[in-house]
>>> print(open('entry32.cif').read())   # mmCIF, C-alpha atoms
data_upload
loop_
_atom_site.group_PDB
_atom_site.id
_atom_site.type_symbol
_atom_site.label_atom_id
_atom_site.label_comp_id
_atom_site.auth_asym_id
_atom_site.auth_seq_id
_atom_site.Cartn_x
_atom_site.Cartn_y
_atom_site.Cartn_z
ATOM 1 C CA MET P 1 19.902 10.692 8.042
ATOM 2 C CA ASP P 2 21.296 12.419 4.935
ATOM 3 C CA ALA P 3 19.570 12.522 1.556
ATOM 4 C CA ARG P 4 21.821 9.784 0.173
ATOM 5 C CA HIS P 5 20.638 7.309 2.791
ATOM 6 C CA THR P 6 17.018 8.462 2.543
ATOM 7 C CA PHE P 7 16.829 7.181 -1.029
ATOM 8 C CA ASP P 8 19.038 4.125 -0.531
ATOM 9 C CA PHE P 9 16.011 1.862 -0.647
ATOM 10 C CA LEU P 10 15.253 3.117 -4.150
ATOM 11 C CA THR P 11 18.728 2.464 -5.540
ATOM 12 C CA ASN P 12 19.642 -0.769 -3.793
ATOM 13 C CA PRO P 13 17.735 -3.729 -5.360
ATOM 14 C CA GLU P 14 17.633 -5.739 -2.121
ATOM 15 C CA ARG P 15 16.241 -2.860 -0.096
ATOM 16 C CA PHE P 16 13.852 -2.006 -2.903
ATOM 17 C CA MET P 17 12.519 -5.593 -2.908
ATOM 18 C CA ALA P 18 11.991 -5.449 0.873
ATOM 19 C CA PHE P 19 10.223 -2.062 0.582
ATOM 20 C CA SER P 20 8.066 -2.947 -2.435
ATOM 21 C CA ARG P 21 7.005 -6.272 -0.897
ATOM 22 C CA TRP P 22 4.675 -4.435 1.486
ATOM 23 C CA ALA P 23 4.271 -1.133 -0.398
ATOM 24 C CA ALA P 24 2.809 -2.663 -3.594
ATOM 25 C CA PRO P 25 -0.109 -4.525 -1.933
ATOM 26 C CA LEU P 26 -0.740 -1.584 0.416
ATOM 27 C CA LEU P 27 -1.019 0.832 -2.518
ATOM 28 C CA GLY P 28 -3.203 -1.673 -4.355
ATOM 29 C CA VAL P 29 -5.635 -1.965 -1.441
ATOM 30 C CA LEU P 30 -5.771 1.824 -0.881
ATOM 31 C CA SER P 31 -6.358 2.337 -4.595
ATOM 32 C CA ALA P 32 -9.185 -0.243 -4.629
ATOM 33 C CA ILE P 33 -10.877 1.470 -1.653
ATOM 34 C CA ALA P 34 -10.579 4.900 -3.303
ATOM 35 C CA ALA P 35 -11.943 3.471 -6.578
ATOM 36 C CA ALA P 36 -14.899 1.789 -4.821
ATOM 37 C CA VAL P 37 -15.934 4.947 -2.947
ATOM 38 C CA GLY P 38 -15.172 7.129 -5.993
ATOM 39 C CA LEU P 39 -17.364 4.973 -8.251
ATOM 40 C CA VAL P 40 -20.242 5.071 -5.745
ATOM 41 C CA LEU P 41 -20.025 8.892 -5.691
ATOM 42 C CA THR P 42 -19.682 8.971 -9.495
ATOM 43 C CA PHE P 43 -23.195 7.566 -9.841
ATOM 44 C CA LEU P 44 -24.637 9.459 -6.862
ATOM 45 C CA VAL P 45 -23.825 13.004 -7.989
ATOM 46 C CA PRO P 46 -26.490 14.761 -10.072
ATOM 47 C CA GLU P 47 -26.035 15.105 -13.822
ATOM 48 C CA ASP P 48 -24.649 18.371 -15.162
ATOM 49 C CA TYR P 49 -27.158 20.928 -16.451
ATOM 50 C CA GLN P 50 -25.247 21.238 -19.748
ATOM 51 C CA GLN P 51 -23.437 17.928 -20.238
ATOM 52 C CA GLY P 52 -26.083 15.660 -18.725
ATOM 53 C CA ASP P 53 -24.887 12.184 -17.723
ATOM 54 C CA THR P 54 -21.691 12.462 -19.775
ATOM 55 C CA VAL P 55 -20.259 14.491 -16.893
ATOM 56 C CA ARG P 56 -19.556 11.129 -15.188
ATOM 57 C CA MET P 57 -16.994 10.486 -17.918
ATOM 58 C CA MET P 58 -14.895 13.188 -16.250
ATOM 59 C CA PHE P 59 -14.127 10.919 -13.281
ATOM 60 C CA ILE P 60 -12.341 8.378 -15.462
ATOM 61 C CA HIS P 61 -11.041 10.691 -18.207
ATOM 62 C CA ILE P 62 -9.249 13.356 -16.133
ATOM 63 C CA PRO P 63 -7.343 10.868 -13.892
ATOM 64 C CA ALA P 64 -6.198 8.872 -16.942
ATOM 65 C CA ALA P 65 -5.093 12.043 -18.749
ATOM 66 C CA SER P 66 -3.320 13.576 -15.712
ATOM 67 C CA LEU P 67 -1.578 10.299 -14.848
ATOM 68 C CA SER P 68 -0.438 9.824 -18.461
ATOM 69 C CA LEU P 69 1.617 13.024 -18.033
ATOM 70 C CA PHE P 70 2.809 12.160 -14.515
ATOM 71 C CA ILE P 71 3.904 8.658 -15.575
ATOM 72 C CA TYR P 72 5.875 10.125 -18.483
ATOM 73 C CA LEU P 73 7.575 12.456 -16.024
ATOM 74 C CA CYS P 74 8.505 9.368 -13.942
ATOM 75 C CA LEU P 75 9.790 7.711 -17.122
ATOM 76 C CA GLY P 76 11.891 10.796 -17.887
ATOM 77 C CA VAL P 77 13.351 11.087 -14.367
ATOM 78 C CA ALA P 78 14.132 7.348 -14.208
ATOM 79 C CA SER P 79 15.714 7.481 -17.676
ATOM 80 C CA PHE P 80 17.847 10.471 -16.617
ATOM 81 C CA LEU P 81 19.055 8.628 -13.479
ATOM 82 C CA ALA P 82 19.802 5.525 -15.541
ATOM 83 C CA LEU P 83 21.615 7.430 -18.274
ATOM 84 C CA VAL P 84 23.641 9.862 -16.161
ATOM 85 C CA PHE P 85 24.205 7.972 -12.886
ATOM 86 C CA ARG P 86 24.106 4.443 -14.389
ATOM 87 C CA GLN P 87 21.594 3.269 -11.788
ATOM 88 C CA ALA P 88 20.397 -0.178 -12.854
ATOM 89 C CA LEU P 89 17.237 0.005 -10.764
ATOM 90 C CA ALA P 90 16.297 3.337 -12.357
ATOM 91 C CA ASP P 91 16.584 1.706 -15.783
ATOM 92 C CA LEU P 92 14.229 -1.074 -14.663
ATOM 93 C CA ALA P 93 11.861 1.560 -13.227
ATOM 94 C CA ALA P 94 11.789 3.355 -16.592
ATOM 95 C CA GLN P 95 11.188 0.097 -18.445
ATOM 96 C CA ALA P 96 8.417 -0.893 -16.012
ATOM 97 C CA CYS P 97 6.400 2.319 -16.220
ATOM 98 C CA ALA P 98 6.252 2.634 -20.031
ATOM 99 C CA PRO P 99 3.473 0.054 -20.661
ATOM 100 C CA ILE P 100 1.393 1.446 -17.776
ATOM 101 C CA GLY P 101 1.824 4.977 -19.126
ATOM 102 C CA ALA P 102 0.854 3.828 -22.623
ATOM 103 C CA ALA P 103 -2.304 2.169 -21.239
ATOM 104 C CA TYR P 104 -3.279 5.305 -19.263
ATOM 105 C CA THR P 105 -2.688 7.501 -22.338
ATOM 106 C CA ALA P 106 -4.755 5.164 -24.545
ATOM 107 C CA LEU P 107 -7.524 5.303 -21.920
ATOM 108 C CA ALA P 108 -7.394 9.123 -21.896
ATOM 109 C CA LEU P 109 -7.731 9.186 -25.701
ATOM 110 C CA ILE P 110 -10.520 6.574 -25.855
ATOM 111 C CA THR P 111 -12.621 8.014 -23.005
ATOM 112 C CA GLY P 112 -12.009 11.506 -24.410
ATOM 113 C CA SER P 113 -13.240 10.380 -27.804
ATOM 114 C CA LEU P 114 -16.355 8.791 -26.257
ATOM 115 C CA TRP P 115 -16.964 12.061 -24.395
ATOM 116 C CA GLY P 116 -16.204 14.237 -27.428
ATOM 117 C CA LYS P 117 -18.714 12.625 -29.785
ATOM 118 C CA PRO P 118 -21.876 13.603 -27.842
ATOM 119 C CA MET P 119 -20.438 16.984 -26.711
ATOM 120 C CA TRP P 120 -18.549 18.194 -29.795
ATOM 121 C CA GLY P 121 -20.235 16.052 -32.447
ATOM 122 C CA ALA P 122 -16.887 14.478 -33.417
ATOM 123 C CA TRP P 123 -14.924 11.428 -32.288
ATOM 124 C CA TRP P 124 -11.652 13.171 -33.051
ATOM 125 C CA VAL P 125 -10.377 16.622 -34.018
ATOM 126 C CA TRP P 126 -6.774 17.526 -34.797
ATOM 127 C CA ASP P 127 -6.610 20.214 -32.139
ATOM 128 C CA ALA P 128 -3.457 20.901 -30.154
ATOM 129 C CA ARG P 129 -4.470 19.022 -26.972
ATOM 130 C CA LEU P 130 -5.649 15.838 -28.674
ATOM 131 C CA THR P 131 -2.744 15.782 -31.118
ATOM 132 C CA SER P 132 -0.108 16.358 -28.415
ATOM 133 C CA VAL P 133 -1.614 13.526 -26.304
ATOM 134 C CA LEU P 134 -1.470 11.264 -29.378
ATOM 135 C CA VAL P 135 2.212 12.239 -29.729
ATOM 136 C CA LEU P 136 2.652 11.310 -26.040
ATOM 137 C CA LEU P 137 1.237 7.839 -26.781
ATOM 138 C CA LEU P 138 3.632 7.534 -29.738
ATOM 139 C CA PHE P 139 6.577 8.383 -27.443
ATOM 140 C CA TYR P 140 5.515 5.604 -25.043
ATOM 141 C CA LEU P 141 5.109 3.114 -27.911
ATOM 142 C CA GLY P 142 8.396 4.256 -29.468
ATOM 143 C CA TYR P 143 10.195 3.776 -26.147
ATOM 144 C CA MET P 144 8.861 0.208 -25.806
ATOM 145 C CA ALA P 145 9.559 -0.605 -29.462
ATOM 146 C CA LEU P 146 13.144 0.676 -29.203
ATOM 147 C CA ARG P 147 13.828 -1.399 -26.085
ATOM 148 C CA GLY P 148 12.505 -4.471 -27.855
ATOM 149 C CA ALA P 149 14.170 -3.829 -31.201
ATOM 150 C CA LEU P 150 17.856 -3.879 -30.176
ATOM 151 C CA GLU P 151 19.424 -7.165 -29.105
ATOM 152 C CA ASP P 152 22.113 -5.530 -26.953
ATOM 153 C CA GLU P 153 20.115 -4.622 -23.815
ATOM 154 C CA GLN P 154 22.525 -1.889 -22.714
ATOM 155 C CA LYS P 155 22.407 -0.172 -26.092
ATOM 156 C CA ALA P 156 18.618 -0.518 -26.165
ATOM 157 C CA ALA P 157 18.324 0.972 -22.671
ATOM 158 C CA ARG P 158 20.573 3.916 -23.591
ATOM 159 C CA ALA P 159 18.765 4.658 -26.867
ATOM 160 C CA ALA P 160 15.347 4.366 -25.219
ATOM 161 C CA ALA P 161 16.427 6.626 -22.329
ATOM 162 C CA ILE P 162 17.532 9.326 -24.812
ATOM 163 C CA LEU P 163 14.173 9.021 -26.610
ATOM 164 C CA ALA P 164 12.363 9.305 -23.246
ATOM 165 C CA LEU P 165 14.308 12.493 -22.413
ATOM 166 C CA VAL P 166 13.510 14.007 -25.826
ATOM 167 C CA GLY P 167 9.831 13.221 -25.197
ATOM 168 C CA LEU P 168 9.844 15.350 -22.032
ATOM 169 C CA ILE P 169 9.588 18.390 -24.335
ATOM 170 C CA ASN P 170 6.048 17.234 -25.138
ATOM 171 C CA LEU P 171 4.806 17.459 -21.519
ATOM 172 C CA PRO P 172 4.476 21.275 -21.293
ATOM 173 C CA ILE P 173 3.057 21.243 -24.823
ATOM 174 C CA VAL P 174 0.270 18.865 -23.699
ATOM 175 C CA LYS P 175 -0.338 20.801 -20.482
ATOM 176 C CA PHE P 176 -0.415 24.309 -21.944
ATOM 177 C CA SER P 177 -1.759 23.464 -25.431
ATOM 178 C CA VAL P 178 -5.218 24.700 -24.429
ATOM 179 C CA GLU P 179 -3.738 28.089 -23.498
ATOM 180 C CA TRP P 180 -1.166 28.492 -26.267
ATOM 181 C CA TRP P 181 -3.544 27.590 -29.095
ATOM 182 C CA ASN P 182 -7.223 27.975 -29.805
ATOM 183 C CA THR P 183 -8.514 24.468 -29.117
ATOM 184 C CA LEU P 184 -11.853 22.706 -29.086
ATOM 185 C CA HIS P 185 -10.724 20.965 -25.901
ATOM 186 C CA GLN P 186 -11.645 23.013 -22.845
ATOM 187 C CA GLY P 187 -9.108 24.579 -20.514
ATOM 188 C CA SER P 188 -8.281 23.208 -17.081
ATOM 189 C CA SER P 189 -11.215 22.746 -14.714
ATOM 190 C CA THR P 190 -9.135 21.442 -11.798
ATOM 191 C CA PHE P 191 -5.678 22.838 -10.992
ATOM 192 C CA MET P 192 -4.932 26.248 -12.472
ATOM 193 C CA ALA P 193 -8.547 26.621 -13.637
ATOM 194 C CA ALA P 194 -9.541 30.085 -14.827
ATOM 195 C CA LYS P 195 -12.071 31.944 -12.705
ATOM 196 C CA GLY P 196 -15.530 30.502 -13.365
ATOM 197 C CA ASP P 197 -14.124 27.380 -15.117
ATOM 198 C CA GLY P 198 -13.473 25.446 -11.889
ATOM 199 C CA LEU P 199 -15.144 22.175 -11.026
ATOM 200 C CA PRO P 200 -18.436 22.576 -9.093
ATOM 201 C CA ALA P 201 -17.910 21.536 -5.454
ATOM 202 C CA ILE P 202 -20.306 18.584 -5.730
ATOM 203 C CA TYR P 203 -18.029 16.937 -8.330
ATOM 204 C CA ALA P 204 -14.837 17.520 -6.344
ATOM 205 C CA TRP P 205 -14.971 14.397 -4.114
ATOM 206 C CA PRO P 206 -15.508 11.787 -6.832
ATOM 207 C CA ALA P 207 -12.849 13.560 -8.922
ATOM 208 C CA VAL P 208 -10.311 13.535 -6.067
ATOM 209 C CA LEU P 209 -11.050 9.918 -5.082
ATOM 210 C CA MET P 210 -10.829 8.603 -8.631
ATOM 211 C CA GLY P 211 -7.615 10.586 -9.089
ATOM 212 C CA LEU P 212 -6.154 8.927 -5.987
ATOM 213 C CA ALA P 213 -7.378 5.517 -7.192
ATOM 214 C CA TYR P 214 -5.615 5.921 -10.554
ATOM 215 C CA LEU P 215 -2.472 7.225 -8.816
ATOM 216 C CA GLY P 216 -2.439 4.340 -6.305
ATOM 217 C CA ALA P 217 -3.029 1.807 -9.081
ATOM 218 C CA PHE P 218 -0.073 3.208 -11.007
ATOM 219 C CA GLY P 219 2.125 3.044 -7.892
ATOM 220 C CA ALA P 220 1.165 -0.567 -7.143
ATOM 221 C CA LEU P 221 1.512 -1.734 -10.756
ATOM 222 C CA TRP P 222 4.813 0.085 -11.175
ATOM 223 C CA LEU P 223 6.303 -1.587 -8.092
ATOM 224 C CA VAL P 224 5.034 -5.034 -9.156
ATOM 225 C CA ARG P 225 6.534 -4.626 -12.641
ATOM 226 C CA ILE P 226 9.884 -3.399 -11.282
ATOM 227 C CA ARG P 227 9.951 -6.442 -8.975
ATOM 228 C CA ALA P 228 9.305 -8.671 -12.004
ATOM 229 C CA LEU P 229 12.188 -7.050 -13.895
ATOM 230 C CA VAL P 230 14.540 -7.427 -10.891
ATOM 231 C CA TRP P 231 13.706 -11.158 -10.774
ATOM 232 C CA ARG P 232 14.168 -11.424 -14.542
ATOM 233 C CA ARG P 233 17.623 -9.870 -14.275
ATOM 234 C CA LYS P 234 18.460 -12.239 -11.416
ATOM 235 C CA ALA P 235 17.215 -15.227 -13.455
ATOM 236 C CA ARG P 236 19.400 -14.197 -16.395
ATOM 237 C CA SER P 237 22.491 -13.826 -14.240
ATOM 238 C CA LEU P 238 21.799 -17.238 -12.633
ATOM 239 C CA SER P 239 21.426 -18.769 -16.111
ATOM 240 C CA LEU P 240 24.850 -17.406 -17.039
ATOM 241 C CA LYS P 241 26.386 -18.811 -13.845
ATOM 242 C CA LEU P 242 24.855 -22.219 -14.542
ATOM 243 C CA ALA P 243 26.105 -22.149 -18.151
ATOM 244 C CA GLU P 244 29.622 -21.229 -16.981
ATOM 245 C CA GLY P 245 29.513 -24.004 -14.361
ATOM 246 C CA ALA P 246 28.479 -26.567 -16.999
ATOM 247 C CA ARG P 247 31.603 -25.856 -19.155
ATOM 248 C CA MET N 1 -29.496 11.177 -3.101
ATOM 249 C CA SER N 2 -29.911 7.936 -5.072
ATOM 250 C CA PHE N 3 -27.916 6.095 -7.705
ATOM 251 C CA ASP N 4 -28.420 7.296 -11.256
ATOM 252 C CA PHE N 5 -27.526 4.542 -13.723
ATOM 253 C CA ASP N 6 -29.891 5.758 -16.427
ATOM 254 C CA ALA N 7 -27.641 7.639 -18.826
ATOM 255 C CA GLY N 8 -30.461 7.987 -21.376
ATOM 256 C CA LYS N 9 -29.258 8.943 -24.862
ATOM 257 C CA TYR N 10 -25.661 9.123 -23.592
ATOM 258 C CA ALA N 11 -25.577 5.437 -22.540
ATOM 259 C CA PRO N 12 -23.841 4.283 -25.787
ATOM 260 C CA TYR N 13 -20.928 6.605 -24.924
ATOM 261 C CA LEU N 14 -20.828 6.382 -21.119
ATOM 262 C CA TRP N 15 -20.930 2.612 -20.574
ATOM 263 C CA PRO N 16 -18.293 1.674 -23.172
ATOM 264 C CA ALA N 17 -15.950 4.245 -21.556
ATOM 265 C CA PHE N 18 -16.348 2.614 -18.138
ATOM 266 C CA ALA N 19 -16.178 -0.920 -19.602
ATOM 267 C CA ILE N 20 -12.976 -0.182 -21.557
ATOM 268 C CA SER N 21 -11.388 1.400 -18.468
ATOM 269 C CA ALA N 22 -12.302 -1.658 -16.360
ATOM 270 C CA LEU N 23 -10.903 -4.023 -19.011
ATOM 271 C CA ALA N 24 -7.681 -2.011 -19.272
ATOM 272 C CA PHE N 25 -7.144 -2.186 -15.498
ATOM 273 C CA ALA N 26 -7.975 -5.911 -15.483
ATOM 274 C CA TRP N 27 -5.338 -6.442 -18.202
ATOM 275 C CA MET N 28 -2.720 -4.275 -16.436
ATOM 276 C CA ILE N 29 -3.236 -6.009 -13.073
ATOM 277 C CA THR N 30 -3.280 -9.538 -14.531
ATOM 278 C CA SER N 31 -0.289 -9.081 -16.840
ATOM 279 C CA SER N 32 1.792 -7.394 -14.100
ATOM 280 C CA LEU N 33 1.068 -10.118 -11.520
ATOM 281 C CA LEU N 34 1.666 -12.936 -14.026
ATOM 282 C CA MET N 35 4.935 -11.342 -15.151
ATOM 283 C CA ALA N 36 6.122 -11.013 -11.533
ATOM 284 C CA ARG N 37 5.120 -14.582 -10.683
ATOM 285 C CA ARG N 38 6.772 -16.015 -13.798
ATOM 286 C CA TRP N 39 10.161 -14.386 -13.185
ATOM 287 C CA ARG N 40 10.115 -14.995 -9.417
ATOM 288 C CA ARG N 41 9.535 -18.716 -10.026
ATOM 289 C CA GLU N 42 12.203 -18.800 -12.736
ATOM 290 C CA ALA N 43 14.749 -17.078 -10.441
ATOM 291 C CA GLU N 44 13.901 -19.447 -7.574
ATOM 292 C CA ARG N 45 14.183 -22.502 -9.859
ATOM 293 C CA LEU N 46 17.571 -21.413 -11.195
ATOM 294 C CA GLN N 47 18.801 -20.565 -7.687
ATOM 295 C CA ALA N 48 17.847 -24.069 -6.495
ATOM 296 C CA GLU N 49 19.508 -25.604 -9.566
ATOM 297 C CA LEU N 50 22.702 -23.639 -8.933
ATOM 298 C CA GLU N 51 22.794 -24.673 -5.283
ATOM 299 C CA SER N 52 22.216 -28.356 -6.134
ATOM 300 C CA SER N 53 24.973 -28.243 -8.773
ATOM 301 C CA LYS N 54 27.406 -26.864 -6.185
ATOM 302 C CA SER N 55 26.697 -29.564 -3.625
#
>>> encode(input="entry32.cif", output="structure tokens")
Amino acid sequence: MDARHTFDFLTNPERFMAFSRWAAPLLGVLSAIAAAVGLVLTFLVPEDYQQGDTVRMMFIHIPAASLSLFIYLCLGVASFLALVFRQALADLAAQACAPIGAAYTALALITGSLWGKPMWGAWWVWDARLTSVLVLLLFYLGYMALRGALEDEQKAARAAAILALVGLINLPIVKFSVEWWNTLHQGSSTFMAAKGDGLPAIYAWPAVLMGLAYLGAFGALWLVRIRALVWRRKARSLSLKLAEGAR
Amino acid sequence: MSFDFDAGKYAPYLWPAFAISALAFAWMITSSLLMARRWRREAERLQAELESSKS
């Protein structure tokens, strides 16, 4: 099987609908199991000697923050495929993931703020990490606003895809902001953590499980929303056929 | 090991964070499922209408 056929199910709406029909609930169930076990471990692990009970915030803040970047990457890749290769399903995929990405980014900012107040003494600081994540949220909101603002759907999709591609520049800025600038936000404690800054082993399992839960939830929700948009497109084309038949 | 739900002085920060996250997921799941159901039903209704108009 060559690469073209491997990804056929992602470009052909009928095959995608057949694939997502079982993949979406499966991902949803796996995500719910990971979340249930992850939450049990979240409240079983001991509190941190410095951060106390606020350390439990980590298990909902880090997955939301990491996924907000990953979802934007998905938005960028889907927008690129829609813009360059004119793949209709990729355009629907981009449209479907924007509201989920915006919700994850808002969650990262809100849980971060609720964590920051007791640890830093401030709800918000204009440091590079927090500001670049706020910019990420604005890119998501801008993408959704642009798609809704233009009446011509094709023009709206093209303009929003260009905006999504421009926003990709922000991803390395968010990721490396804590290294490039002097920030109040700490550096990475998971992947690419500096020596001595890594997560203690006891916190690794709840962190991994909650990360998988957030990832699975995104996958399931993304598929469900793409399915909804495929049906919406079908409904619109059927409406046109009915209108033409009535003439 | 036992459950530790007593967040002490950090409770006003910890519990709202978990509650807001739960509400956000409840909204995302509900709105996505309702959106899918709405458009599936609409497509099925229009398909049936088109088929009945042909016959």
>>> atom_distance(input="entry32.cif", atom1="atom CA of P:Trp222", atom2="atom CA of P:Leu150")
23.4 Å
>>> residues_around(input="entry32.cif", residues="N:Tyr13", least_positions_apart="4", cutoff="8 Å", atoms="all atoms listed in the file", output="CSV table (one decimal) with C-alpha atoms, in the frame of the given file")
chain,number,residue,atom,x,y,z
P,54,THR,CA,-21.7,12.5,-19.8
P,114,LEU,CA,-16.4,8.8,-26.3
P,115,TRP,CA,-17.0,12.1,-24.4
P,118,PRO,CA,-21.9,13.6,-27.8
N,17,ALA,CA,-16.0,4.2,-21.6
>>> interface_residues(input="entry32.cif", of="chain P", to="chain N", cutoff="9 Å", atoms="all atoms listed in the file", output="PDB file with C-alpha atoms, in the frame of the given file")
ATOM      1  CA  VAL P  40     -20.242   5.071  -5.745  1.00  0.00           C
ATOM      2  CA  LEU P  41     -20.025   8.892  -5.691  1.00  0.00           C
ATOM      3  CA  THR P  42     -19.682   8.971  -9.495  1.00  0.00           C
ATOM      4  CA  PHE P  43     -23.195   7.566  -9.841  1.00  0.00           C
ATOM      5  CA  LEU P  44     -24.637   9.459  -6.862  1.00  0.00           C
ATOM      6  CA  VAL P  45     -23.825  13.004  -7.989  1.00  0.00           C
ATOM      7  CA  PRO P  46     -26.490  14.761 -10.072  1.00  0.00           C
ATOM      8  CA  GLU P  47     -26.035  15.105 -13.822  1.00  0.00           C
ATOM      9  CA  GLY P  52     -26.083  15.660 -18.725  1.00  0.00           C
ATOM     10  CA  ASP P  53     -24.887  12.184 -17.723  1.00  0.00           C
ATOM     11  CA  THR P  54     -21.691  12.462 -19.775  1.00  0.00           C
ATOM     12  CA  ARG P  56     -19.556  11.129 -15.188  1.00  0.00           C
ATOM     13  CA  MET P  57     -16.994  10.486 -17.918  1.00  0.00           C
ATOM     14  CA  ILE P  60     -12.341   8.378 -15.462  1.00  0.00           C
ATOM     15  CA  HIS P  61     -11.041  10.691 -18.207  1.00  0.00           C
ATOM     16  CA  PRO P  99       3.473   0.054 -20.661  1.00  0.00           C
ATOM     17  CA  ILE P 100       1.393   1.446 -17.776  1.00  0.00           C
ATOM     18  CA  ALA P 103      -2.304   2.169 -21.239  1.00  0.00           C
ATOM     19  CA  TYR P 104      -3.279   5.305 -19.263  1.00  0.00           C
ATOM     20  CA  LEU P 107      -7.524   5.303 -21.920  1.00  0.00           C
ATOM     21  CA  ILE P 110     -10.520   6.574 -25.855  1.00  0.00           C
ATOM     22  CA  THR P 111     -12.621   8.014 -23.005  1.00  0.00           C
ATOM     23  CA  GLY P 112     -12.009  11.506 -24.410  1.00  0.00           C
ATOM     24  CA  LEU P 114     -16.355   8.791 -26.257  1.00  0.00           C
ATOM     25  CA  TRP P 115     -16.964  12.061 -24.395  1.00  0.00           C
ATOM     26  CA  LYS P 117     -18.714  12.625 -29.785  1.00  0.00           C
ATOM     27  CA  PRO P 118     -21.876  13.603 -27.842  1.00  0.00           C
ATOM     28  CA  ALA P 217      -3.029   1.807  -9.081  1.00  0.00           C
ATOM     29  CA  LEU P 221       1.512  -1.734 -10.756  1.00  0.00           C
ATOM     30  CA  TRP P 222       4.813   0.085 -11.175  1.00  0.00           C
ATOM     31  CA  VAL P 224       5.034  -5.034  -9.156  1.00  0.00           C
ATOM     32  CA  ARG P 225       6.534  -4.626 -12.641  1.00  0.00           C
ATOM     33  CA  ILE P 226       9.884  -3.399 -11.282  1.00  0.00           C
ATOM     34  CA  ARG P 227       9.951  -6.442  -8.975  1.00  0.00           C
ATOM     35  CA  ALA P 228       9.305  -8.671 -12.004  1.00  0.00           C
ATOM     36  CA  LEU P 229      12.188  -7.050 -13.895  1.00  0.00           C
ATOM     37  CA  VAL P 230      14.540  -7.427 -10.891  1.00  0.00           C
ATOM     38  CA  TRP P 231      13.706 -11.158 -10.774  1.00  0.00           C
ATOM     39  CA  ARG P 232      14.168 -11.424 -14.542  1.00  0.00           C
ATOM     40  CA  ARG P 233      17.623  -9.870 -14.275  1.00  0.00           C
ATOM     41  CA  LYS P 234      18.460 -12.239 -11.416  1.00  0.00           C
ATOM     42  CA  ALA P 235      17.215 -15.227 -13.455  1.00  0.00           C
ATOM     43  CA  ARG P 236      19.400 -14.197 -16.395  1.00  0.00           C
ATOM     44  CA  LEU P 238      21.799 -17.238 -12.633  1.00  0.00           C
ATOM     45  CA  SER P 239      21.426 -18.769 -16.111  1.00  0.00           C
ATOM     46  CA  LYS P 241      26.386 -18.811 -13.845  1.00  0.00           C
ATOM     47  CA  LEU P 242      24.855 -22.219 -14.542  1.00  0.00           C
ATOM     48  CA  GLY P 245      29.513 -24.004 -14.361  1.00  0.00           C
TER      49      GLY P 245
END
>>> atom_distance(input="entry32.cif", atom1="atom CA of P:Ser237", atom2="atom CA of P:Asn12")
17.0 Å
>>> atom_distance(input="entry32.cif", atom1="atom CA of P:Ala220", atom2="atom CA of P:Gly28")
5.3 Å
>>> resolve_selection(input="entry32.cif", expression="the PyMOL selection byres ((chain P and resi 142) around 12)", output="count of residues only")
26
>>> resolve_selection(input="entry32.cif", expression="the PyMOL selection byres ((chain P and resi 177) around 12)", output="ChimeraX atom specification")
/P:127-133,170-176,178-188
>>> resolve_selection(input="entry32.cif", expression="the PyMOL selection byres ((chain P and resi 20) around 10)", output="VMD selection string")
chain P and resid 9 to 10 14 to 19 21 to 27 220 222 to 224 226 to 227
>>> build_atoms(input="entry32.cif", residues="stretch 21-31 of chain N", atoms="N, CA and C atoms", output="CSV table (one decimal), in the coordinates of the input")
chain,number,residue,atom,x,y,z
N,21,SER,N,-12.3,1.1,-19.6
N,21,SER,CA,-11.4,1.4,-18.5
N,21,SER,C,-11.2,0.2,-17.5
N,22,ALA,N,-12.4,-0.5,-17.2
N,22,ALA,CA,-12.3,-1.7,-16.4
N,22,ALA,C,-11.5,-2.8,-17.0
N,23,LEU,N,-11.7,-3.0,-18.3
N,23,LEU,CA,-10.9,-4.0,-19.0
N,23,LEU,C,-9.4,-3.7,-19.0
N,24,ALA,N,-9.1,-2.4,-19.2
N,24,ALA,CA,-7.7,-2.0,-19.3
N,24,ALA,C,-7.0,-2.3,-17.9
N,25,PHE,N,-7.7,-1.9,-16.8
N,25,PHE,CA,-7.1,-2.2,-15.5
N,25,PHE,C,-7.0,-3.7,-15.2
N,26,ALA,N,-8.0,-4.5,-15.7
N,26,ALA,CA,-8.0,-5.9,-15.5
N,26,ALA,C,-6.8,-6.5,-16.2
N,27,TRP,N,-6.5,-6.0,-17.4
N,27,TRP,CA,-5.3,-6.4,-18.2
N,27,TRP,C,-4.0,-6.0,-17.5
N,28,MET,N,-4.0,-4.8,-17.1
N,28,MET,CA,-2.7,-4.3,-16.4
N,28,MET,C,-2.4,-5.1,-15.2
N,29,ILE,N,-3.4,-5.3,-14.3
N,29,ILE,CA,-3.2,-6.0,-13.1
N,29,ILE,C,-2.8,-7.5,-13.3
N,30,THR,N,-3.6,-8.1,-14.2
N,30,THR,CA,-3.3,-9.5,-14.5
N,30,THR,C,-1.9,-9.7,-15.1
N,31,SER,N,-1.6,-8.9,-16.2
N,31,SER,CA,-0.3,-9.1,-16.8
N,31,SER,C,0.9,-8.8,-15.9
